[in-house]
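Here is the file input_7.txt (compact mmCIF, C-alpha atoms).
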```
# COMPACT_ATOMS: atom_id res chain seq x y z
CA MET F 144 49.29 53.56 136.50
CA THR F 145 49.76 51.95 133.11
CA THR F 146 52.05 48.92 132.84
CA GLU F 147 52.75 49.78 129.21
CA PHE F 148 56.23 51.12 128.52
CA SER F 149 56.22 54.31 126.50
CA SER F 150 58.54 57.27 126.54
CA LYS F 151 55.72 59.61 125.45
CA ILE F 152 53.19 58.37 128.02
CA LEU F 153 55.74 58.70 130.82
CA TYR F 154 56.70 62.22 129.70
CA ASP F 155 53.06 63.29 129.42
CA ASP F 156 52.22 61.81 132.85
CA LEU F 157 55.21 63.53 134.48
CA VAL F 158 54.07 66.86 133.00
CA LYS F 159 50.38 66.28 133.84
CA PHE F 160 51.15 65.57 137.51
CA GLY F 161 53.45 68.60 137.77
CA HIS F 162 56.56 66.49 138.35
CA ILE F 163 58.45 68.07 135.45
CA ILE F 164 58.02 71.50 133.88
CA PRO F 165 58.91 71.84 130.17
CA VAL F 166 61.08 74.83 129.24
CA GLY F 167 61.21 74.42 125.46
CA VAL F 168 64.49 72.51 125.10
CA PRO F 169 64.50 68.68 124.97
CA GLY F 170 66.17 67.14 127.99
CA ILE F 171 65.94 70.34 130.09
CA PHE F 172 63.00 70.85 132.42
CA GLY F 173 62.00 72.18 135.81
CA ARG F 174 61.08 69.93 138.71
CA GLY F 175 57.93 70.13 140.85
CA ALA F 176 57.91 70.06 144.66
CA VAL F 177 56.81 66.41 144.97
CA PHE F 178 59.46 65.26 142.48
CA GLU F 179 62.10 67.17 144.47
CA GLU F 180 60.91 65.71 147.76
CA ILE F 181 61.23 62.15 146.42
CA LEU F 182 64.68 62.98 144.99
CA ASN F 183 65.91 64.46 148.27
CA ARG F 184 64.50 61.57 150.29
CA PHE F 185 66.25 59.02 148.05
CA ASP F 186 69.47 61.04 148.24
CA ALA F 187 69.20 60.97 152.06
CA ALA F 188 68.56 57.19 152.01
CA VAL F 189 71.80 56.71 150.04
CA SER F 190 73.63 58.87 152.59
CA ARG F 191 72.23 56.70 155.43
CA LEU F 192 73.45 53.58 153.62
CA ALA F 193 76.95 55.07 153.36
CA ALA F 194 77.07 56.72 156.81
CA SER F 195 79.39 54.17 158.43
CA ASP F 196 81.99 54.67 155.65
CA HIS F 197 82.64 58.26 156.82
CA ALA F 198 83.28 59.65 153.34
CA THR F 199 84.55 63.22 153.05
CA LYS F 200 81.72 65.33 151.67
CA VAL F 201 82.64 68.03 149.14
CA HIS F 202 80.66 70.36 146.86
CA PHE F 203 81.59 71.83 143.50
CA PRO F 204 79.72 74.15 141.15
CA PRO F 205 78.27 72.69 137.93
CA CYS F 206 81.22 74.24 136.01
CA ILE F 207 84.69 72.76 135.87
CA ASN F 208 88.21 73.84 134.87
CA ARG F 209 88.42 73.03 131.13
CA GLN F 210 91.99 71.75 131.57
CA VAL F 211 90.72 68.94 133.82
CA LEU F 212 88.50 67.63 131.00
CA GLN F 213 91.23 68.06 128.40
CA LYS F 214 93.86 66.25 130.50
CA SER F 215 91.50 63.43 131.42
CA MET F 216 90.57 62.89 127.72
CA TYR F 217 86.86 63.56 128.40
CA ILE F 218 86.42 66.00 125.51
CA ASP F 219 88.44 63.73 123.21
CA SER F 220 86.38 60.67 124.18
CA PHE F 221 82.94 62.33 124.31
CA PRO F 222 83.02 65.42 122.05
CA GLN F 223 79.32 64.88 121.28
CA LEU F 224 78.36 65.09 124.98
CA SER F 225 80.72 67.85 126.13
CA GLY F 226 79.58 71.36 126.92
CA THR F 227 82.26 74.05 126.76
CA VAL F 228 81.36 77.55 127.92
CA PHE F 229 81.91 80.31 125.35
CA SER F 230 81.36 84.01 125.97
CA PHE F 231 81.73 87.41 124.35
CA THR F 232 85.10 89.18 124.69
CA GLY F 233 84.82 91.63 121.78
CA ASN F 234 84.80 95.42 121.49
CA ASP F 235 81.96 97.86 120.73
CA ALA F 236 82.11 97.20 117.00
CA ALA F 237 81.86 93.46 117.57
CA HIS F 238 78.99 94.11 119.98
CA ARG F 239 77.12 96.06 117.30
CA GLU F 240 77.55 93.07 114.99
CA LEU F 241 76.33 90.73 117.73
CA SER F 242 73.28 92.94 118.45
CA SER F 243 72.38 93.00 114.79
CA ARG F 244 72.63 89.24 114.39
CA LEU F 245 70.66 88.60 117.59
CA LYS F 246 67.92 90.92 116.33
CA ASP F 247 67.80 89.08 113.00
CA ASP F 248 68.07 85.66 114.68
CA LYS F 249 71.20 84.87 112.65
CA PRO F 250 74.07 82.59 113.86
CA TRP F 251 76.39 84.44 116.26
CA GLY F 252 78.56 81.63 117.66
CA ASP F 253 81.65 82.87 115.78
CA LEU F 254 81.53 86.14 117.78
CA GLN F 255 82.23 84.24 120.99
CA THR F 256 85.48 82.93 122.39
CA MET F 257 86.19 79.85 124.46
CA THR F 258 86.41 80.38 128.24
CA ASP F 259 88.34 78.35 130.81
CA CYS F 260 85.09 76.65 131.94
CA CYS F 261 83.24 73.54 130.84
CA LEU F 262 79.95 72.27 132.20
CA THR F 263 80.66 69.45 134.66
CA PRO F 264 79.99 66.17 132.83
CA ALA F 265 80.13 63.88 135.89
CA ALA F 266 80.09 64.79 139.56
CA CYS F 267 83.41 63.05 140.24
CA TYR F 268 85.61 64.89 137.70
CA PRO F 269 86.51 67.88 139.94
CA VAL F 270 87.54 65.45 142.71
CA TYR F 271 90.57 63.72 141.11
CA PRO F 272 92.89 66.74 140.69
CA THR F 273 92.38 67.65 144.35
CA PHE F 274 94.30 64.46 145.28
CA THR F 275 97.52 65.15 143.39
CA GLY F 276 100.24 63.94 145.76
CA THR F 277 100.27 61.06 148.24
CA LEU F 278 97.14 59.49 149.71
CA PRO F 279 96.80 58.53 153.39
CA PRO F 280 97.57 54.82 154.16
CA ASN F 281 93.89 53.81 153.74
CA GLY F 282 93.41 55.85 150.59
CA ALA F 283 90.52 58.28 150.35
CA LEU F 284 86.74 58.22 150.03
CA VAL F 285 84.71 61.19 148.78
CA ASP F 286 80.97 61.91 148.71
CA VAL F 287 79.89 64.43 146.06
CA GLN F 288 76.53 65.35 144.56
CA ASN F 289 76.21 67.73 141.63
CA TRP F 290 74.33 68.81 138.54
CA VAL F 291 75.92 67.40 135.41
CA PHE F 292 75.54 68.24 131.72
CA ARG F 293 75.44 65.88 128.72
CA HIS F 294 74.62 67.22 125.28
CA GLU F 295 72.00 64.59 124.43
CA PRO F 296 68.81 66.46 123.46
CA SER F 297 65.96 63.96 123.49
CA GLU F 298 62.20 63.88 124.00
CA GLU F 299 62.74 60.74 126.05
CA PRO F 300 62.30 61.88 129.70
CA THR F 301 65.07 59.73 131.22
CA ARG F 302 67.64 61.06 128.71
CA MET F 303 68.29 64.50 130.16
CA GLN F 304 70.83 67.18 129.31
CA ALA F 305 71.04 68.41 132.91
CA PHE F 306 70.51 66.19 135.95
CA ARG F 307 71.91 65.38 139.38
CA VAL F 308 74.15 62.48 140.33
CA HIS F 309 75.11 61.42 143.86
CA GLU F 310 78.56 59.91 143.61
CA TYR F 311 81.11 58.27 145.83
CA VAL F 312 84.74 58.16 144.75
CA ARG F 313 87.38 55.77 146.11
CA LEU F 314 91.11 56.26 145.68
CA GLY F 315 93.73 53.77 146.83
CA THR F 316 95.38 50.45 146.01
CA THR F 317 93.87 48.12 143.39
CA ASP F 318 92.61 45.62 146.00
CA VAL F 319 90.92 48.27 148.11
CA VAL F 320 89.30 50.06 145.17
CA VAL F 321 87.99 46.92 143.44
CA ALA F 322 86.58 45.47 146.69
CA TRP F 323 84.87 48.79 147.40
CA ARG F 324 83.33 48.90 143.89
CA ASP F 325 82.01 45.33 144.33
CA LEU F 326 80.58 46.17 147.77
CA TRP F 327 78.70 49.16 146.33
CA LEU F 328 77.35 47.17 143.40
CA GLN F 329 75.61 44.96 145.99
CA ARG F 330 74.52 47.99 148.05
CA GLY F 331 73.12 49.70 144.96
CA LEU F 332 71.08 46.64 144.02
CA LYS F 333 69.88 46.25 147.62
CA ILE F 334 68.61 49.79 148.06
CA LEU F 335 66.80 49.84 144.70
CA LEU F 336 65.26 46.39 145.28
CA SER F 337 64.08 47.61 148.72
CA LEU F 338 62.19 50.33 146.82
CA GLY F 339 60.32 47.70 144.81
CA LEU F 340 62.17 48.46 141.56
CA PRO F 341 62.72 45.46 139.23
CA VAL F 342 66.44 46.13 138.84
CA LYS F 343 69.37 43.99 137.76
CA ALA F 344 73.10 44.56 137.37
CA GLU F 345 74.75 44.29 133.97
CA LEU F 346 78.09 44.86 132.30
CA ALA F 347 78.13 48.19 130.46
CA SER F 348 80.28 50.57 128.43
CA ASP F 349 80.40 54.33 127.92
CA PRO F 350 79.19 56.00 124.68
CA PHE F 351 82.70 56.85 123.39
CA PHE F 352 82.66 58.73 120.07
CA GLY F 353 83.45 57.20 116.66
CA ARG F 354 85.34 54.09 115.53
CA GLY F 355 88.09 54.61 118.08
CA GLY F 356 85.30 54.88 120.61
CA ARG F 357 83.94 51.49 119.64
CA MET F 358 87.33 50.05 120.48
CA LEU F 359 87.42 51.89 123.84
CA ALA F 360 83.95 50.57 124.64
CA ALA F 361 84.98 47.01 123.69
CA ASN F 362 88.09 47.32 125.91
CA GLN F 363 85.93 48.58 128.76
CA ARG F 364 83.59 45.58 128.47
CA GLU F 365 86.40 43.09 128.00
CA GLN F 366 88.05 44.28 131.20
CA LYS F 367 84.70 44.52 133.08
CA LEU F 368 85.41 48.12 134.07
CA LYS F 369 81.81 49.38 134.06
CA PHE F 370 78.62 47.95 135.53
CA GLU F 371 75.17 49.48 135.63
CA VAL F 372 72.06 48.75 137.64
CA VAL F 373 69.20 48.95 135.16
CA CYS F 374 65.41 49.10 135.46
CA PRO F 375 62.62 49.09 132.87
CA VAL F 376 61.28 52.66 132.80
CA ILE F 377 60.48 53.52 129.19
CA SER F 378 61.14 50.10 127.65
CA SER F 379 61.25 46.52 128.90
CA GLU F 380 63.80 45.46 126.25
CA LYS F 381 66.16 48.38 126.84
CA PRO F 382 66.06 49.10 130.57
CA THR F 383 67.32 52.45 131.87
CA ALA F 384 70.58 52.72 133.84
CA LEU F 385 69.87 54.07 137.34
CA CYS F 386 73.38 53.71 138.78
CA SER F 387 76.78 53.10 137.32
CA PHE F 388 79.92 51.65 138.86
CA ASN F 389 83.18 52.50 137.18
CA TYR F 390 86.69 51.21 137.81
CA HIS F 391 89.25 53.50 136.15
CA GLN F 392 92.34 51.39 136.98
CA ASP F 393 95.24 53.88 137.29
CA LYS F 394 93.96 56.31 134.62
CA PHE F 395 93.23 59.28 136.92
CA GLY F 396 96.11 58.33 139.23
CA THR F 397 98.52 58.65 136.29
CA ILE F 398 96.99 61.83 134.80
CA PHE F 399 96.79 63.70 138.11
CA ASN F 400 99.86 62.12 139.72
CA ILE F 401 98.06 60.51 142.67
CA LYS F 402 100.21 58.07 144.67
CA THR F 403 99.37 55.53 147.36
CA SER F 404 101.19 55.81 150.69
CA THR F 405 103.69 53.22 149.41
CA GLY F 406 104.49 55.31 146.32
CA GLU F 407 102.55 53.35 143.68
CA THR F 408 100.24 55.14 141.22
CA ALA F 409 96.78 55.01 142.83
CA ASP F 410 93.74 53.31 141.33
CA THR F 411 90.33 54.98 141.44
CA ALA F 412 86.70 53.97 141.10
CA CYS F 413 83.44 55.86 141.31
CA LEU F 414 79.78 55.04 141.52
CA GLY F 415 76.86 57.29 140.83
CA PHE F 416 73.13 57.25 141.47
CA GLY F 417 71.22 59.08 138.72
CA LEU F 418 68.78 60.85 141.02
CA GLU F 419 66.17 62.04 138.50
CA ARG F 420 66.11 58.65 136.76
CA ILE F 421 65.52 56.89 140.08
CA VAL F 422 62.60 59.24 140.85
CA MET F 423 61.16 58.56 137.38
CA ALA F 424 61.60 54.79 137.85
CA LEU F 425 59.70 55.03 141.16
CA LEU F 426 56.90 57.14 139.63
CA LYS F 427 56.63 54.76 136.67
CA THR F 428 56.67 51.60 138.82
CA HIS F 429 54.48 52.70 141.74
CA GLY F 430 52.35 55.48 140.28
CA MET F 431 52.45 59.25 139.89
CA ASP F 432 51.19 59.94 143.43
CA PRO F 433 53.71 58.86 146.11
CA ASP F 434 50.96 58.92 148.78
CA SER F 435 49.58 55.78 147.12
CA TRP F 436 52.92 53.92 146.92
CA PRO F 437 53.29 50.56 148.73
CA LYS F 438 53.97 50.91 152.46
CA PRO F 439 57.42 49.16 152.41
CA VAL F 440 58.61 51.60 149.71
CA ARG F 441 57.38 54.62 151.65
CA GLU F 442 59.05 53.29 154.79
CA VAL F 443 62.46 53.32 153.11
CA LEU F 444 62.11 56.90 151.90
CA TRP F 445 60.01 58.45 154.65
CA ALA F 446 62.14 56.82 157.38
CA MET U 108 105.88 44.67 108.35
CA GLU U 109 107.42 44.26 111.81
CA GLY U 110 109.60 47.34 111.40
CA LYS U 111 106.64 49.50 110.42
CA ILE U 112 104.63 48.19 113.40
CA ARG U 113 107.51 48.97 115.76
CA GLN U 114 107.70 52.52 114.34
CA ILE U 115 103.93 53.02 114.83
CA LEU U 116 104.22 51.76 118.42
CA LYS U 117 107.08 54.19 118.97
CA ASP U 118 105.07 57.12 117.58
CA HIS U 119 101.65 56.32 119.09
CA GLY U 120 101.95 53.57 121.73
CA ARG U 121 103.30 55.78 124.55
CA LEU U 122 105.21 52.75 125.83
CA SER U 123 107.50 52.97 128.80
CA ILE U 124 110.18 50.86 127.08
CA ASP U 125 112.19 51.11 123.85
CA THR U 126 110.08 49.58 121.05
CA THR U 127 113.16 48.16 119.28
CA LYS U 128 113.79 46.00 122.36
CA LEU U 129 110.25 44.57 122.57
CA ALA U 130 109.87 40.85 121.91
CA VAL U 131 107.22 40.14 119.27
CA ASP U 132 105.02 38.50 121.88
CA SER U 133 105.57 41.11 124.66
CA ASP U 134 102.30 42.35 126.16
CA LEU U 135 101.99 45.95 124.96
CA TYR U 136 99.47 46.85 127.68
CA GLN U 137 101.95 45.61 130.32
CA ALA U 138 104.52 47.81 128.58
CA GLY U 139 102.38 50.87 129.31
CA MET U 140 100.04 51.20 126.32
CA THR U 141 96.77 52.77 127.51
CA SER U 142 93.36 52.19 125.91
CA HIS U 143 93.51 55.64 124.30
CA ALA U 144 97.01 54.96 122.96
CA SER U 145 95.83 51.65 121.49
CA VAL U 146 93.16 53.55 119.52
CA ASN U 147 95.85 55.81 118.05
CA VAL U 148 97.95 52.74 117.21
CA MET U 149 94.93 51.16 115.49
CA LEU U 150 94.26 54.29 113.41
CA ALA U 151 97.94 54.61 112.45
CA LEU U 152 98.06 50.93 111.40
CA GLU U 153 95.03 51.51 109.17
CA GLY U 154 96.74 54.47 107.52
CA VAL U 155 100.16 52.88 107.01
CA PHE U 156 98.92 49.45 105.85
CA ASP U 157 95.87 50.79 103.97
CA ILE U 158 93.44 48.52 105.80
CA GLU U 159 90.29 48.99 107.87
CA PHE U 160 89.79 46.93 110.99
CA PRO U 161 86.22 45.60 111.07
CA ASP U 162 84.25 46.05 114.33
CA ARG U 163 84.90 42.43 115.36
CA MET U 164 88.64 43.24 115.46
CA LEU U 165 88.32 46.47 117.45
CA LYS U 166 89.21 44.77 120.70
CA ARG U 167 92.05 44.58 123.14
CA SER U 168 93.50 41.18 122.19
CA VAL U 169 94.04 42.17 118.52
CA PHE U 170 96.51 44.88 119.58
CA GLU U 171 98.10 43.18 122.59
CA SER U 172 101.47 42.33 120.96
CA ILE U 173 103.48 42.86 117.78
CA SER U 174 102.73 39.30 116.69
CA ALA U 175 98.97 39.72 117.35
CA ILE U 176 99.00 42.89 115.22
CA GLN U 177 100.95 41.06 112.44
CA THR U 178 98.37 38.25 112.45
CA ALA U 179 95.48 40.72 112.20
CA ILE U 180 97.08 42.70 109.35
CA SER U 181 97.94 39.50 107.43
CA GLU U 182 94.34 38.32 107.78
CA LEU U 183 92.99 41.63 106.42
CA LYS U 184 95.55 41.75 103.59
CA THR U 185 94.68 38.21 102.40
CA ASN U 186 90.92 38.80 102.42
```
As structure tokens, what does this structure read like?
Amino acid sequence: MTTEFSSKILYDDLVKFGHIIPVGVPGIFGRGAVFEEILNRFDAAVSRLAASDHATKVHFPPCINRQVLQKSMYIDSFPQLSGTVFSFTGNDAAHRELSSRLKDDKPWGDLQTMTDCCLTPAACYPVYPTFTGTLPPNGALVDVQNWVFRHEPSEEPTRMQAFRVHEYVRLGTTDVVVAWRDLWLQRGLKILLSLGLPVKAELASDPFFGRGGRMLAANQREQKLKFEVVCPVISSEKPTALCSFNYHQDKFGTIFNIKTSTGETADTACLGFGLERIVMALLKTHGMDPDSWPKPVREVLWA
Amino acid sequence: MEGKIRQILKDHGRLSIDTTKLAVDSDLYQAGMTSHASVNVMLALEGVFDIEFPDRMLKRSVFESISAIQTAISELKTN
């Protein structure tokens, strides 16, 4: 395995070893069986780490109620990343027009109308509105894994448009939520270090759009609301984020009217493991064939 | 200038208290201004005072009170 960092070499190696299967759109690809096995084994290792917390496990489809993203300011903050589902609702005449344009490969977007669905941008978004009302005395803890969409077409293999994130979401009082976020930052570092990945934690911000977005990002950093665990995968200078830890203060509590048992607006935090990126970091660090990985690494995953 | 700032805070700050009753050094974030609301306040200030906040000023402390906003606008107007 080369120690050189290169987006192209990593992409080509992943394709050559059958780990990813190109489909003709940057940032979208299939996954081979070995890649999936590593991903599922890591996912299971995270679940083992969290077992004693007894989180409530829930599943959602990779589509979400558009109103949830509008209310939570996601589309406003990240219009460049959002994916809204549009579909055809016209009559036969409009269909004839559509058929003609499809045949001629001409633009046809204006013949579609917006639906009530968006592609889920983060696994945790469908969770918050389910807690409208009053939380139990100890708050709530949710375990959710899902496919997410970000409109970021790129040839760089770790920058995907569709990928899976295993998230945990904590809702409760400020003290409980912040302590939980800090605990998981240490857990996240520990599990990735146990896999022989040269990771470190750093302060981070989200890619908010535009000038207003630069101010939101600066606010986020100033208040230390987002941390990431990063690892060199395609560059040593700009390491790739493998997990992120986000404290939302009372943002979702206010928007979705979530109260603590004592009637205060609840705080929330979430953390997510970017599953594909972690598999790529492992393949880059230890080699394209997991049978040849160091024994301690295999012992964590093949436990 | 203070009156115009108070009006902008009323229109865009989404504060939980009456902006005419705010002290000039009251913490606007404590008064309920969210990060998103502070962006709208910033953009409205730029429009009304015909200024552009440079990146170094796009931070929380610059918009934390009426007096902080006055200081920032004065600095941009003199330069």
Determine which residues of chain F sit within 6 Å of chain U, taking into account only C-alpha atoms, and present them as a VMD selection string.
chain F and resid 355 358 361 to 362
Dump of C-alpha atoms for the selected residues, as a short mmCIF file (atom, residue, chain, number, x, y, z; two decimals), keeping the file's coordinate frame:
```cif
data_model
loop_
_atom_site.label_atom_id
_atom_site.label_comp_id
_atom_site.auth_asym_id
_atom_site.auth_seq_id
_atom_site.Cartn_x
_atom_site.Cartn_y
_atom_site.Cartn_z
CA GLY F 355 88.09 54.61 118.08
CA MET F 358 87.33 50.05 120.48
CA ALA F 361 84.98 47.01 123.69
CA ASN F 362 88.09 47.32 125.91
#
```
Name the residues in contact with Ser172 in chain U at a cut-off of 12 Å, using only C-alpha atoms, excluding same-chain residues fewer than 2 positions from it; report them as a PyMOL selection string.
chain U and resi 109+112-113+116+120+126+129-140+145+148+167-170+174-179
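Picture a line from CA of Leu314 in chain F to CA of Leu346 in chain F; it runs 21.9 Å.
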Length of the CA of Pro296 in chain F to CA of Phe231 in chain F vector [Å]:
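Here the two named atoms are 24.6 Å from each other.
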Report, in Å to a single decimal, how far apart CA of Ala198 in chain F and CA of Gly276 in chain F are.
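Computing the Euclidean distance for CA of Gly276 in chain F and CA of Ala198 in chain F yields 19.1 Å.
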For Asp318 in chain F, which residue out of F:Leu278, F:Val287, F:Leu241, F:Ala409 is the nearest one, using only C-alpha atoms?
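Nearest candidate to Asp318 in chain F out of F:Leu278, F:Val287, F:Leu241, F:Ala409: F:Ala409.
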Would you list the contacts of Lys214 in chain F as a PDB file with C-alpha atoms, keeping the file's coordinate frame, taking every protein, DNA or RNA residue within 9 Å and counting all atoms listed in the file, but skipping same-chain residues closer than 5 positions in sequence?
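Once written, selection.pdb looks like this:
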```pdb
ATOM      1  CA  ARG F 209      88.420  73.030 131.130  1.00  0.00           C
ATOM      2  CA  ILE F 398      96.990  61.830 134.800  1.00  0.00           C
ATOM      3  CA  PHE F 399      96.790  63.700 138.110  1.00  0.00           C
TER       4      PHE F 399
END
```
Using only C-alpha atoms, pick whichever of F:Ala424, F:Ile401, F:Val320, F:Ala446 has the shortest atom-to-atom distance to Thr275 in chain F.
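Closest candidate: F:Ile401.
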Would you mind putting N, CA and C atoms back on range 108-122 of chain U and writing the result as a PDB file, in the frame of the given file?
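Generated file (out37.pdb):
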```
ATOM      1  N   MET U 108     107.077  44.259 107.596  1.00  0.00           N
ATOM      2  CA  MET U 108     105.880  44.670 108.350  1.00  0.00           C
ATOM      3  C   MET U 108     106.222  44.957 109.821  1.00  0.00           C
ATOM      4  N   GLU U 109     107.106  44.102 110.388  1.00  0.00           N
ATOM      5  CA  GLU U 109     107.420  44.260 111.810  1.00  0.00           C
ATOM      6  C   GLU U 109     108.067  45.614 112.114  1.00  0.00           C
ATOM      7  N   GLY U 110     108.930  46.051 111.201  1.00  0.00           N
ATOM      8  CA  GLY U 110     109.600  47.340 111.400  1.00  0.00           C
ATOM      9  C   GLY U 110     108.608  48.493 111.415  1.00  0.00           C
ATOM     10  N   LYS U 111     107.657  48.431 110.485  1.00  0.00           N
ATOM     11  CA  LYS U 111     106.640  49.500 110.420  1.00  0.00           C
ATOM     12  C   LYS U 111     105.780  49.486 111.692  1.00  0.00           C
ATOM     13  N   ILE U 112     105.441  48.290 112.169  1.00  0.00           N
ATOM     14  CA  ILE U 112     104.630  48.190 113.400  1.00  0.00           C
ATOM     15  C   ILE U 112     105.398  48.778 114.585  1.00  0.00           C
ATOM     16  N   ARG U 113     106.688  48.443 114.651  1.00  0.00           N
ATOM     17  CA  ARG U 113     107.510  48.970 115.760  1.00  0.00           C
ATOM     18  C   ARG U 113     107.558  50.509 115.707  1.00  0.00           C
ATOM     19  N   GLN U 114     107.648  51.063 114.488  1.00  0.00           N
ATOM     20  CA  GLN U 114     107.700  52.520 114.340  1.00  0.00           C
ATOM     21  C   GLN U 114     106.374  53.150 114.812  1.00  0.00           C
ATOM     22  N   ILE U 115     105.253  52.510 114.417  1.00  0.00           N
ATOM     23  CA  ILE U 115     103.930  53.020 114.830  1.00  0.00           C
ATOM     24  C   ILE U 115     103.799  52.968 116.360  1.00  0.00           C
ATOM     25  N   LEU U 116     104.283  51.870 116.949  1.00  0.00           N
ATOM     26  CA  LEU U 116     104.220  51.760 118.420  1.00  0.00           C
ATOM     27  C   LEU U 116     105.083  52.834 119.071  1.00  0.00           C
ATOM     28  N   LYS U 117     106.200  53.140 118.427  1.00  0.00           N
ATOM     29  CA  LYS U 117     107.080  54.190 118.970  1.00  0.00           C
ATOM     30  C   LYS U 117     106.380  55.548 118.909  1.00  0.00           C
ATOM     31  N   ASP U 118     105.709  55.811 117.773  1.00  0.00           N
ATOM     32  CA  ASP U 118     105.070  57.120 117.580  1.00  0.00           C
ATOM     33  C   ASP U 118     103.774  57.279 118.373  1.00  0.00           C
ATOM     34  N   HIS U 119     103.006  56.193 118.528  1.00  0.00           N
ATOM     35  CA  HIS U 119     101.650  56.320 119.090  1.00  0.00           C
ATOM     36  C   HIS U 119     101.376  55.498 120.348  1.00  0.00           C
ATOM     37  N   GLY U 120     102.265  54.519 120.646  1.00  0.00           N
ATOM     38  CA  GLY U 120     101.950  53.570 121.730  1.00  0.00           C
ATOM     39  C   GLY U 120     102.189  54.097 123.130  1.00  0.00           C
ATOM     40  N   ARG U 121     102.957  55.198 123.234  1.00  0.00           N
ATOM     41  CA  ARG U 121     103.300  55.780 124.550  1.00  0.00           C
ATOM     42  C   ARG U 121     103.799  54.690 125.517  1.00  0.00           C
ATOM     43  N   LEU U 122     104.690  53.855 125.009  1.00  0.00           N
ATOM     44  CA  LEU U 122     105.210  52.750 125.830  1.00  0.00           C
ATOM     45  C   LEU U 122     106.321  53.249 126.733  1.00  0.00           C
TER      46      LEU U 122
END
```
